[in-house]
Amino acid sequence: MFNYDGPMLWTASLFHDATVEPAQILSAIDDVIESLRCKPVDQSLIDRSITKMRSSLYDTLTQFGGFGRADLMACYALFDDDPSRIDSLESEFRKVTPELVGRTAREYLRNTNRTVLLIEPGAALPETLPEEESV
Amino acid sequence: MSPLKETPPQGPPPKPFHLPAAADFSLPNGMRVTIVPYGIVPKVAVRAVVAAGAIDESAGQVWLSRLTAALMKEGTRTRPAEQVAREAAEMGGQIEIDSGSDHTSVGGVALSDFGRQFVALLADVLTTPLLPADELPRLQADLIRELSIEKSQPEALAQERFVGTLFPDHPYGRAFPAEIDLQGYTTEDVRAFYRKNFNAARTHLYIAGKIEGDLRRAVEDALGGWAKGSPAPDLPAHPAETRSLQIIDRPGAEQSNLLIGLPVAAPSSPDYIKLEVMDSLLGGSFASRITSNIREQKGYTYSPVSQIGTRRHLAYWVQSADVTTAVTGPSLDEIFYEIDRLRNEPPSAEELQGIQNYLSGIFVLRNTISPDAIIGQLHFVDAQGLDRSYLSTYVRKVMDVTPTDIQSIAETYLVPSKMTIVVVGDKAQIDDQIAPYETQ
Amino acid sequence: MPITYYKLPNGLRVILSPDSTAPTVVTAVYYRIGFRVEPKDRTGFAHLFEHMMFQGSQNLGKMEFIRLVQQNGGVLNGSTRFDFTNYFELLPSNKLETALWAEADRMRGLAITDENLKNQQDVVSNEVKTAILNQPYGGFPWLWMPQYANSNWYNSHNFYGELKDIEAATLADVQAFFKTYYSPNNAALAIVGDFDPGEATAMIAKYFAAIAPADLPPPPDLSEPRQEEEKTATRPDPLANRPALAFSYHMPPRNSPEYFAMGLLDQMLVQGDDSLLYRELVTRRGFAGEVAGAIN
C-alpha cells in the first residue's frame, strides 16, 4: 500500500464453483462489510490488525537483502521528499481508533464506491476433455 | 572511430562470509531440532518438517496428503480452528501446512516476542489435530476446484506429463488425482494417513531468526511427549532414461510450453556441484547459453530457465520455455544446439569464472536473505543425507570446477537420447515443426 | 536504523541506510515515471522501455549490464509500476562501486539499435502471452480491475499493453521517453546494506554529479471522480473453467488518517486465516478455498 502515488484500489478476489451464484457471494460479503459500517469495531480487532501490520512491516523492510527498505525510502523520497517516513508508519497505524475505522468504512466501503468483476468461464471442465495423446 | 569503452571498477576484495551457526540436538523421542540465531529483525521462523507427503500415497490416494494437510488446519483437540488462527495472528504469524512430494511442513514466522508461545501452538496443531469429519466435504470441494483450475494451466499440464513420464509407477509421477478418487476420500482415510506418517521419528524442527527466550526448553516441553513412531519407509524411484516426445494438444494456443529433461546424479554424488555449475552456465542464469540464444538473440520467449529438480536421493535436469507457437520447432532446435555445443566444447575460462562468481554470490544470499532461506538450505542438506560440511565447502568446490569438467559433465549426463520432451501447444500448428523430434 | 538523505545539485535524491548484518548491499534507482503516464497510443510503453534500459548504454553493450552484475556475484531486476520504474541489484558488499558506475552509465544515456528494440518487442510480446493471453485468469484481477473501476485513462488503460501498440513502438519513441523522464532530477538512488556512507557519498558524486537534469513536463491530472453508483462487469475467459469474482473500492487519499484505517481494514478483512472474509466465505460458507486481497 505504500509505494503508490495516485488513485488506488482495495481489491479482494476468489475462485468459486458454478453452483454458487455471485449474488450469494456478494450478499455474504455485504453482511461482513456492513458489520464494520454500522457498529463500532472491537478494540481487540484493531489491536490484532496492528500486530499483523507490524509483523508485515518487518517483512517488507527486510525483504530481499534490504530491497524492501530501499523501495519504501526511494518512494517516500520521490513522493514526499521525506524517506524517514518509513520510521513513522507503525505509529500512524497506532493512531487508528474504532471511530475512525467506522467512519472510513462508511465512506469508502459503501456499495456505490464498489466495482464488481465477474469472470465467466468459457473452457470445458477437465472431465469432458478428449483423451490426451503421446507419441 | 568510437570512443574506447570504460571498464567497470572492481571494488576492494570481498568481505569474509561465515555461515550462521546452527545448534543441533535430538529429543528423547527421536525428533531432531536445529536452532539458528540470525539477524536483528525481531521475527523467528519455526518449521516442523515431517518426512510425509505424496510419496506415502498409494496409486489410488493421490492428493490424500494435501487433504490431510488441509484438515490438520481445522482445529486441535483443545482449540477450534478459529482460535488457532486468532492466536497465531496475535503473535504476528500464521500456522501454515504445506505438503509436497517427500515432506509436509507445519509452521510459520512469528514475532520473536512470542517465540515460545508459537512453538506451543505449532505443537498442538502438529501432534493433536482434531481432523473433524464435518469439514471434509468443504475441503474436498476446494481440492476438486484446485485440480480443475490446474488442469487449465498449460505449465501444470506440461509438468504433470513430464513427471508422469520420468517416474512411471511411483508417487512422484502422479501429479493429478482422478476427480472420482478425490471425491471418495473419507475422514478415516485422512486419520489413518496422519497416524501412519506423522510422528517424532520422521520430524525435524527448524528454528531460525532472532531468538528470544529459551526456545530449546519450549521445544522440549511442547514436543518431547509426542510418540516416536517408525521412521519413513524407503520407496526408491527408478526414473526413466529413454527418449520420448509427448504432445498435449491445446488448440489455438498462443505459445507452446516446452519441458526437456532427464535424470542426473543425486545430490550425494561427487558430480552434483559440477552439475549445478554446468546447469547455471547452460540455462540456469540469465546470461546463460540458452537464455542468451532464444530470448536475447531470437526473441522466441520471455522466461526460459533450466534447473536441477530434486526428490529424495535423486535429481533431474530440466529446461523449460514458453515460446511463440510459430517458433516451436526452432526453439527446440536452438536448445538442443546449445546442449550439443556444451557437450563438445569446454567453455572459456572467463565464461566459467563469471558463473562461478554468480553461484558464490547466490550462496551467500541463500544463507542470509531470510530465516526461511537459511532453513531451506539446512533442510536440503539434511533431507538428502549430506553432511553439513556440504555448505561450508560449497563455494570452494564451485571454484574448483574446470572448463573440461563442464564439458565432461554435460557429455556424461545430458544425453539427448535419454531425454523426455514435453510440448503443450496447438498441435495443428506445431506438428510439422516438431516432426524431426519424433523420429530420433 | 540511520537514514541519510540529500540531493545532488542536479536534483538526484540520494538515500543511504547502512546495515552490516550480511556482507551484501542493495543499489536501487527509481525513476518517477510508471505505466500510468505513458503515451495514449502506446499502451505498455513504459514497461517495454524498462526492458530497453538493459539493452545497452555507452560503456555496456546488450546484456552486458546483466552479465556484469551476475559475474560479480549478484542478482538484479527491474519493474514497471503505477508511479515509478525501478532498477535494482543485490551484490556482495565490495561491489557497490561497480553497481553505481553501471547505473550512472545508463542514467546518462542508452546506446541501442532497431534490432535491440525489435528483439525486446518480441520478448515483451511473449511476456504478455505467458502472463495473460495464454493463461486462464491471466489479468485477473490486477490488470483488468483498474480498467473497470477507474475512469481516467491514465488509471484505466491496459498497462501491460495491447500487442499492436507494443509492436508499433519506434526507436525515436524510446529516445524521446528517455530524454523526457530518465533524468537525475526525476530519480532517487537508495543504498541499503553493508557499506560506508562516507565512501558511498564520494562514489555517488563521482559518477552521478555530472549527469545533466532535464526540464520535466507538468504532471497530468490523475484524479478519479467520486464514484456514485456500484459498477458490475462480466468478462468471459475462454481459457478458464471455473468462475471467479473480484470486488474493489477506491482508496482514500494517500497518507490521510482514513488511508491508514484502510490499511488496518485490509488486515481485518482479508489478511490471514483469522480475517473476517476468510472465516465467512471460506470456512463458514465454503464458497471458496481462499480469499486474496491487496491494496494496489
# chains A, B, ... in the order shown; residues from 1 in each chain; ligands from 1
call {"tool": "interface_residues", "arguments": {"of": "chain A", "to": "chain B", "cutoff": "9 Å", "atoms": "only C-alpha atoms", "output": "list of chain:residue names"}}
result
A:Phe15, A:His16, A:Asp17, A:Asp47, A:Arg48, A:Ser49, A:Thr51, A:Lys52, A:Met53, A:Arg54, A:Ser55, A:Ser56, A:Tyr58, A:Asp59, A:Thr62, A:Gln63, A:Phe64, A:Gly65, A:Gly66, A:Ala123, A:Leu125, A:Pro126, A:Glu127, A:Glu132, A:Glu133, A:Ser134, A:Val135
call {"tool": "closest_atom_pairs", "arguments": {"of": "chain C", "to": "chain A", "cutoff": "7 Å", "atoms": "only C-alpha atoms", "output": "Markdown table"}}
result
| residue | atom | partner | partner_atom | distance |
| --- | --- | --- | --- | --- |
| C:Ile3 | CA | A:Ser84 | CA | 6.9 |
| C:Arg13 | CA | A:Ala77 | CA | 6.9 |
| C:Val26 | CA | A:Phe67 | CA | 6.0 |
| C:Ala28 | CA | A:Ala70 | CA | 6.6 |
| C:Tyr30 | CA | A:Ala74 | CA | 6.6 |
| C:Arg32 | CA | A:Leu78 | CA | 6.9 |
| C:Phe82 | CA | A:Tyr4 | CA | 6.8 |
| C:Asp83 | CA | A:Tyr4 | CA | 6.0 |
| C:Met145 | CA | A:Leu117 | CA | 6.9 |
| C:Ala149 | CA | A:Thr115 | CA | 5.5 |
| C:Ala188 | CA | A:Ala74 | CA | 5.7 |
| C:Leu189 | CA | A:Ala74 | CA | 6.8 |
| C:Ala190 | CA | A:Ala70 | CA | 5.4 |
| C:Ile191 | CA | A:Ala70 | CA | 6.5 |
| C:Val192 | CA | A:Gly66 | CA | 5.8 |
| C:Gly193 | CA | A:Gly66 | CA | 6.4 |
| C:Leu222 | CA | A:Gly6 | CA | 6.7 |
| C:Ser223 | CA | A:Pro7 | CA | 6.7 |
| C:Glu224 | CA | A:Pro7 | CA | 6.7 |
| C:Gln227 | CA | A:Asn113 | CA | 5.3 |
| C:Glu228 | CA | A:Thr112 | CA | 5.2 |
| C:Glu229 | CA | A:Thr112 | CA | 4.3 |
| C:Glu230 | CA | A:Thr112 | CA | 4.3 |
| C:Lys231 | CA | A:Thr115 | CA | 4.6 |
| C:Thr232 | CA | A:Val116 | CA | 4.6 |
| C:Ala233 | CA | A:Leu117 | CA | 4.9 |
| C:Thr234 | CA | A:Leu118 | CA | 4.6 |
| C:Arg235 | CA | A:Ile119 | CA | 5.1 |
| C:Pro236 | CA | A:Glu120 | CA | 4.5 |
| C:Asp237 | CA | A:Pro121 | CA | 5.3 |
| C:Pro238 | CA | A:Gly122 | CA | 4.0 |
| C:Leu239 | CA | A:Ala123 | CA | 5.2 |
| C:Ala240 | CA | A:Pro121 | CA | 4.8 |
| C:Asn241 | CA | A:Ala123 | CA | 4.8 |
| C:Arg242 | CA | A:Pro121 | CA | 5.5 |
| C:Pro243 | CA | A:Glu120 | CA | 5.4 |
| C:Ala244 | CA | A:Phe15 | CA | 4.3 |
| C:Leu245 | CA | A:Leu118 | CA | 4.7 |
| C:Ala246 | CA | A:Ser13 | CA | 4.0 |
| C:Phe247 | CA | A:Val116 | CA | 4.4 |
| C:Ser248 | CA | A:Thr11 | CA | 4.2 |
| C:Tyr249 | CA | A:Arg114 | CA | 4.7 |
| C:His250 | CA | A:Leu9 | CA | 4.6 |
| C:Met251 | CA | A:Leu9 | CA | 5.2 |
| C:Glu258 | CA | A:Thr104 | CA | 5.5 |
| C:Phe260 | CA | A:Phe93 | CA | 5.8 |
| C:Ala261 | CA | A:Val101 | CA | 5.6 |
| C:Leu264 | CA | A:Ser49 | CA | 5.7 |
| C:Gln267 | CA | A:Ser49 | CA | 5.5 |
| C:Met268 | CA | A:Ser49 | CA | 6.0 |
| C:Phe287 | CA | A:His16 | CA | 5.9 |
| C:Ala288 | CA | A:His16 | CA | 5.1 |
| C:Glu290 | CA | A:Leu14 | CA | 6.5 |
| C:Val291 | CA | A:Leu14 | CA | 5.1 |
| C:Ala292 | CA | A:Ser13 | CA | 5.3 |
| C:Gly293 | CA | A:Ala12 | CA | 4.0 |
| C:Ala294 | CA | A:Thr11 | CA | 5.6 |
| C:Ile295 | CA | A:Trp10 | CA | 4.4 |
| C:Asn296 | CA | A:Met8 | CA | 5.5 |
call {"tool": "write_last_selection", "arguments": {"atoms": "C-alpha atoms", "output": "CSV table (one decimal), in the first residue's frame"}}
result
chain,number,residue,atom,x,y,z
C,3,ILE,CA,19.0,7.2,7.2
C,13,ARG,CA,17.7,12.3,-4.4
C,26,VAL,CA,21.3,-3.3,-2.4
C,28,ALA,CA,18.2,0.8,-6.3
C,30,TYR,CA,13.8,4.7,-9.0
C,32,ARG,CA,9.4,8.8,-11.2
C,82,PHE,CA,2.0,2.6,-11.4
C,83,ASP,CA,4.1,5.6,-10.3
C,145,MET,CA,-9.9,-4.5,-12.5
C,149,ALA,CA,-13.0,0.5,-11.7
C,188,ALA,CA,16.1,8.6,-6.5
C,189,LEU,CA,19.1,6.4,-5.6
C,190,ALA,CA,18.8,4.3,-2.5
C,191,ILE,CA,21.5,2.1,-1.0
C,192,VAL,CA,20.8,-0.3,1.8
C,193,GLY,CA,23.2,-2.9,3.4
C,222,LEU,CA,-4.6,11.7,-12.4
C,223,SER,CA,-7.7,12.3,-10.3
C,224,GLU,CA,-10.6,9.9,-10.3
C,227,GLN,CA,-18.0,7.1,-7.8
C,228,GLU,CA,-21.7,7.4,-7.3
C,229,GLU,CA,-23.1,4.0,-8.4
C,230,GLU,CA,-22.0,0.5,-7.9
C,231,LYS,CA,-20.5,-1.0,-11.1
C,232,THR,CA,-20.6,-4.6,-12.2
C,233,ALA,CA,-18.8,-6.0,-15.2
C,234,THR,CA,-18.7,-9.6,-16.6
C,235,ARG,CA,-15.7,-10.7,-18.6
C,236,PRO,CA,-15.7,-14.0,-20.5
C,237,ASP,CA,-12.4,-16.0,-20.2
C,238,PRO,CA,-12.3,-18.8,-22.8
C,239,LEU,CA,-9.3,-20.4,-21.0
C,240,ALA,CA,-10.9,-20.6,-17.6
C,241,ASN,CA,-13.2,-23.5,-16.4
C,242,ARG,CA,-14.3,-22.0,-13.1
C,243,PRO,CA,-16.0,-18.7,-12.4
C,244,ALA,CA,-14.2,-16.0,-10.3
C,245,LEU,CA,-15.3,-12.8,-8.6
C,246,ALA,CA,-13.4,-9.7,-7.6
C,247,PHE,CA,-14.5,-6.5,-5.9
C,248,SER,CA,-12.8,-3.2,-5.4
C,249,TYR,CA,-13.3,0.1,-3.6
C,250,HIS,CA,-11.4,3.3,-4.3
C,251,MET,CA,-8.9,4.0,-1.7
C,258,GLU,CA,-8.6,7.2,6.5
C,260,PHE,CA,-4.1,4.2,7.5
C,261,ALA,CA,-7.5,3.0,8.7
C,264,LEU,CA,-6.0,-2.0,9.1
C,267,GLN,CA,-5.8,-6.8,7.6
C,268,MET,CA,-9.1,-7.3,9.3
C,287,PHE,CA,-17.8,-20.6,-1.3
C,288,ALA,CA,-14.0,-20.6,-2.0
C,290,GLU,CA,-9.2,-18.8,-0.1
C,291,VAL,CA,-9.7,-15.1,-0.5
C,292,ALA,CA,-6.9,-12.9,-1.9
C,293,GLY,CA,-6.7,-9.2,-1.2
C,294,ALA,CA,-4.5,-6.2,-1.6
C,295,ILE,CA,-4.2,-2.5,-2.0
C,296,ASN,CA,-2.8,-1.7,-5.4
call {"tool": "interface_residues", "arguments": {"of": "chain B", "to": "chain C", "cutoff": "6 Å", "atoms": "only C-alpha atoms", "output": "PDB file with C-alpha atoms, in the first residue's frame"}}
result
ATOM      1  CA  LYS B   5      34.704   1.920 -23.502  1.00  0.00           C
ATOM      2  CA  GLU B   6      35.398   2.381 -19.806  1.00  0.00           C
ATOM      3  CA  PRO B   8      33.765  -1.061 -14.702  1.00  0.00           C
ATOM      4  CA  PRO B   9      35.540  -0.503 -11.358  1.00  0.00           C
ATOM      5  CA  GLY B  11      35.996  -2.576  -5.906  1.00  0.00           C
ATOM      6  CA  PRO B  12      38.093  -3.907  -2.999  1.00  0.00           C
ATOM      7  CA  PRO B  14      35.404  -9.395  -0.790  1.00  0.00           C
ATOM      8  CA  ALA B  85      -5.934 -18.682  13.551  1.00  0.00           C
ATOM      9  CA  ARG B  86      -6.609 -15.867  16.010  1.00  0.00           C
ATOM     10  CA  ARG B 138     -15.738 -28.440   2.007  1.00  0.00           C
ATOM     11  CA  ASP B 142     -11.684 -26.938  -2.580  1.00  0.00           C
ATOM     12  CA  GLU B 254      -0.567 -18.546 -28.460  1.00  0.00           C
ATOM     13  CA  ALA B 287      23.298 -14.736 -19.009  1.00  0.00           C
ATOM     14  CA  GLY B 299      13.104 -13.184 -29.008  1.00  0.00           C
ATOM     15  CA  THR B 301      10.422 -16.462 -25.350  1.00  0.00           C
ATOM     16  CA  TYR B 302      10.314 -14.381 -22.149  1.00  0.00           C
ATOM     17  CA  GLY B 354      31.581 -15.482 -14.338  1.00  0.00           C
ATOM     18  CA  ASN B 357      31.254 -15.870  -9.128  1.00  0.00           C
ATOM     19  CA  TYR B 358      27.494 -15.817  -9.670  1.00  0.00           C
ATOM     20  CA  GLY B 361      27.201 -14.782  -4.618  1.00  0.00           C
TER      21      GLY B 361
END
call {"tool": "residues_around", "arguments": {"residues": "Tyr390 in chain B", "least_positions_apart": "5", "cutoff": "10 Å", "atoms": "only C-alpha atoms", "output": "list in words"}}
result
Ser268, Ile273, Leu378, Val381, Val395 and Lys397 of chain B
call {"tool": "select_by_dssp", "arguments": {"residues": "range 51-202 of chain B", "states": "alpha helix (DSSP H)", "output": "PyMOL selection string"}}
result
chain B and resi 64-72+81-90+115-127+136-150+154-166+179-184+187-197
call {"tool": "residues_around", "arguments": {"residues": "Thr170 in chain C", "least_positions_apart": "5", "cutoff": "12 Å", "atoms": "only C-alpha atoms", "output": "PyMOL selection string"}}
result
chain C and resi 42+45+48-49+52+112-118+120-121+165+175-177
call {"tool": "closest_residue", "arguments": {"among": "C:Pro217, C:Gly109, C:Pro141, C:Pro184", "to": "Lys7 in chain C", "atoms": "only C-alpha atoms"}}
result
C:Pro184
call {"tool": "residues_around", "arguments": {"residues": "range 194-208 of chain B", "least_positions_apart": "5", "cutoff": "6 Å", "atoms": "only C-alpha atoms", "output": "list in words"}}
result
Gly30, Met31, Arg32, Val33, Thr34, Ile35, Val36, Pro37, Val44, Ala45, Val46, Arg47, Ala48, Val49, Val50, Ala51, Ala52, Lys228, Gly229, Pro231 and Pro371 of chain B
call {"tool": "write_last_selection", "arguments": {"atoms": "N, CA and C atoms", "output": "tab-separated table (two decimals), in the first residue's frame"}}
result
chain	number	residue	atom	x	y	z
B	30	GLY	N	13.33	-38.94	19.50
B	30	GLY	CA	13.92	-39.05	18.16
B	30	GLY	C	13.74	-37.84	17.28
B	31	MET	N	12.91	-36.84	17.68
B	31	MET	CA	12.75	-35.64	16.86
B	31	MET	C	14.06	-34.86	16.84
B	32	ARG	N	14.52	-34.50	15.65
B	32	ARG	CA	15.71	-33.68	15.52
B	32	ARG	C	15.30	-32.21	15.56
B	33	VAL	N	16.16	-31.39	16.16
B	33	VAL	CA	15.88	-29.97	16.29
B	33	VAL	C	17.13	-29.18	15.90
B	34	THR	N	16.94	-28.11	15.14
B	34	THR	CA	18.05	-27.22	14.77
B	34	THR	C	17.64	-25.79	15.04
B	35	ILE	N	18.47	-25.06	15.79
B	35	ILE	CA	18.17	-23.66	16.11
B	35	ILE	C	19.30	-22.79	15.59
B	36	VAL	N	18.96	-21.79	14.75
B	36	VAL	CA	19.96	-20.91	14.13
B	36	VAL	C	19.66	-19.46	14.48
B	37	PRO	N	20.37	-18.91	15.48
B	37	PRO	CA	20.16	-17.49	15.75
B	37	PRO	C	20.72	-16.68	14.58
B	44	VAL	N	10.90	-14.73	14.07
B	44	VAL	CA	11.51	-16.05	14.13
B	44	VAL	C	10.68	-17.03	13.31
B	45	ALA	N	11.37	-17.81	12.46
B	45	ALA	CA	10.71	-18.83	11.65
B	45	ALA	C	10.78	-20.15	12.39
B	46	VAL	N	9.65	-20.83	12.52
B	46	VAL	CA	9.58	-22.12	13.19
B	46	VAL	C	8.89	-23.09	12.25
B	47	ARG	N	9.61	-24.08	11.75
B	47	ARG	CA	9.04	-25.00	10.75
B	47	ARG	C	9.32	-26.45	11.14
B	48	ALA	N	8.29	-27.20	11.38
B	48	ALA	CA	8.44	-28.64	11.64
B	48	ALA	C	8.31	-29.35	10.30
B	49	VAL	N	9.39	-29.97	9.85
B	49	VAL	CA	9.38	-30.63	8.55
B	49	VAL	C	9.25	-32.14	8.78
B	50	VAL	N	8.12	-32.69	8.36
B	50	VAL	CA	7.83	-34.10	8.57
B	50	VAL	C	8.10	-34.86	7.28
B	51	ALA	N	8.79	-35.98	7.39
B	51	ALA	CA	9.05	-36.81	6.19
B	51	ALA	C	7.78	-37.58	5.85
B	52	ALA	N	6.79	-36.84	5.37
B	52	ALA	CA	5.50	-37.42	4.98
B	52	ALA	C	4.98	-36.57	3.84
B	228	LYS	N	7.13	-41.53	19.38
B	228	LYS	CA	8.29	-41.67	18.48
B	228	LYS	C	7.85	-42.18	17.11
B	229	GLY	N	7.16	-43.29	17.06
B	229	GLY	CA	6.72	-43.85	15.78
B	229	GLY	C	7.88	-44.44	15.00
B	231	PRO	N	10.42	-44.72	11.55
B	231	PRO	CA	10.98	-43.79	10.55
B	231	PRO	C	10.28	-43.95	9.21
B	371	PRO	N	15.25	-15.92	7.37
B	371	PRO	CA	15.28	-17.14	8.17
B	371	PRO	C	14.78	-18.36	7.38
call {"tool": "atom_distance", "arguments": {"atom1": "CA of Tyr272 in chain B", "atom2": "CA of Phe25 in chain B"}}
result
28.1 Å
